[in-house]
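**Student:** What follows is a single structure, and I will ask about it in a moment.
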Amino acid sequence: RDSEQVHFLLSLRHLLHNPHYRYGVIAQFFNVAAQVCTWTYTIQYVEEAIGGTEANAGLYLQYSLLLFLLSRFVMTWLMGYIRPSLLMLLLALAGSALALFAMFSPTIAGVWAVVAISATLSLMFPTIYGIALQGLGEDTKFGAAGLVMAILGGAIMPLVQGAMIDAFNTAVSFAVPAACFLIVAWYAGFDLK
């Protein structure tokens, strides 16, 4: 039992001193945050942007989820030709641009931009996970647990976005996922170096 505790503390020290892993956990936190923020407030965005009913707005959320599923296959295929961190950088920048477009254009075009964000999300979780765990050796098991716990971003950041909705409106609140995507883009750039 003592050896398990020593191993845990040693692994924790290794992980905390590994910037590639440490930044990966941060990127995963903000990736999950962007995903949950986008999907949580899609219906509200549609209702405010085009005056759609809740049922009609729900259709756009379904389109988002279908696009996410289809994009996962397309992006997996593209990774055979494009380095995963480069693809993630491009997708994160596209996700941020789409969120900013939705923020400044609360129209039907903005609605489709919010739907399109799902395509950019499709690759991120497994890509960040794989990149952050590279080369951890015996620390991989503990490292994986830390990356899974980063889903906490999906619980915290929607509260921030909700506060922005209360203070401004749903369109302006899409600044939150836009910022989250930029943090993921920064990590992808860090990995490319």
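In the structure tokens, the first chain shown is A, the next is B, and so on; residue numbers restart at 1 for each chain, and ligands run from 1 in the order shown.
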Can you list every residue of region 113-180 of chain A that has an atom at most 10 Å from region 69-72 of chain A, with its nearest atom pair and the distance in Å to one decimal, using only C-alpha atoms, ordered by chain then number, as a tab-separated table?
**Tutor:**
```
residue	atom	partner	partner_atom	distance
A:Ser118	CA	A:Ser71	CA	8.1
A:Ala119	CA	A:Ser71	CA	5.3
A:Thr120	CA	A:Ser71	CA	7.9
A:Leu121	CA	A:Ser71	CA	8.6
A:Ser122	CA	A:Arg72	CA	5.0
A:Leu123	CA	A:Arg72	CA	6.0
A:Met124	CA	A:Arg72	CA	9.5
```
**Student:** Find the spatial neighbours of Asp139 (chain A), counting only C-alpha atoms, within a cut-off of 9 Å - ignore same-chain residues fewer than 5 positions away - and output them as an MDAnalysis selection string.
**Tutor:** chainID A and resid 8 10:12 14:15 133 144
**Student:** With 9 Å as the cut-off and only C-alpha atoms counted, what is the closest atom pair between each nearby residue of region 137-187 of chain A and region 44-55 of chain A? Distances in Å to one decimal, ordered by chain and number, as CSV.
**Tutor:**
```
residue,atom,partner,partner_atom,distance
A:Asn169,CA,A:Glu48,CA,8.5
A:Thr170,CA,A:Tyr45,CA,5.6
A:Ala171,CA,A:Tyr45,CA,6.4
```
**Student:** Leaving out Phe190 (chain A) and any residue of its chain fewer than 5 positions from it, which residues lie within 12 Å of it when counting only C-alpha atoms, given as a PyMOL selection string?
**Tutor:** chain A and resi 19-24+27+85-86+88-89+128+131-132+183-185
**Student:** So which one's closest to Phe174 (chain A), A:Leu61, A:Met149, A:Ala34, A:Leu192? Using only C-alpha atoms, please.
**Tutor:** A:Ala34
**Student:** Measuring atom to atom with only C-alpha atoms, identify which of A:Tyr63, A:Phe181, A:Trp186, A:Phe73 is nearest to Ala94 (chain A).
**Tutor:** A:Phe181
**Student:** So which residues touch Ala155 (chain A) within 10 Å, counting only C-alpha atoms, skipping near sequence neighbours fewer than 5 positions away, as a list in words?
**Tutor:**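 Here the answer would be Phe29, Val32, Ala33, Val36, Cys37, Ala150 and Val160 of chain A.
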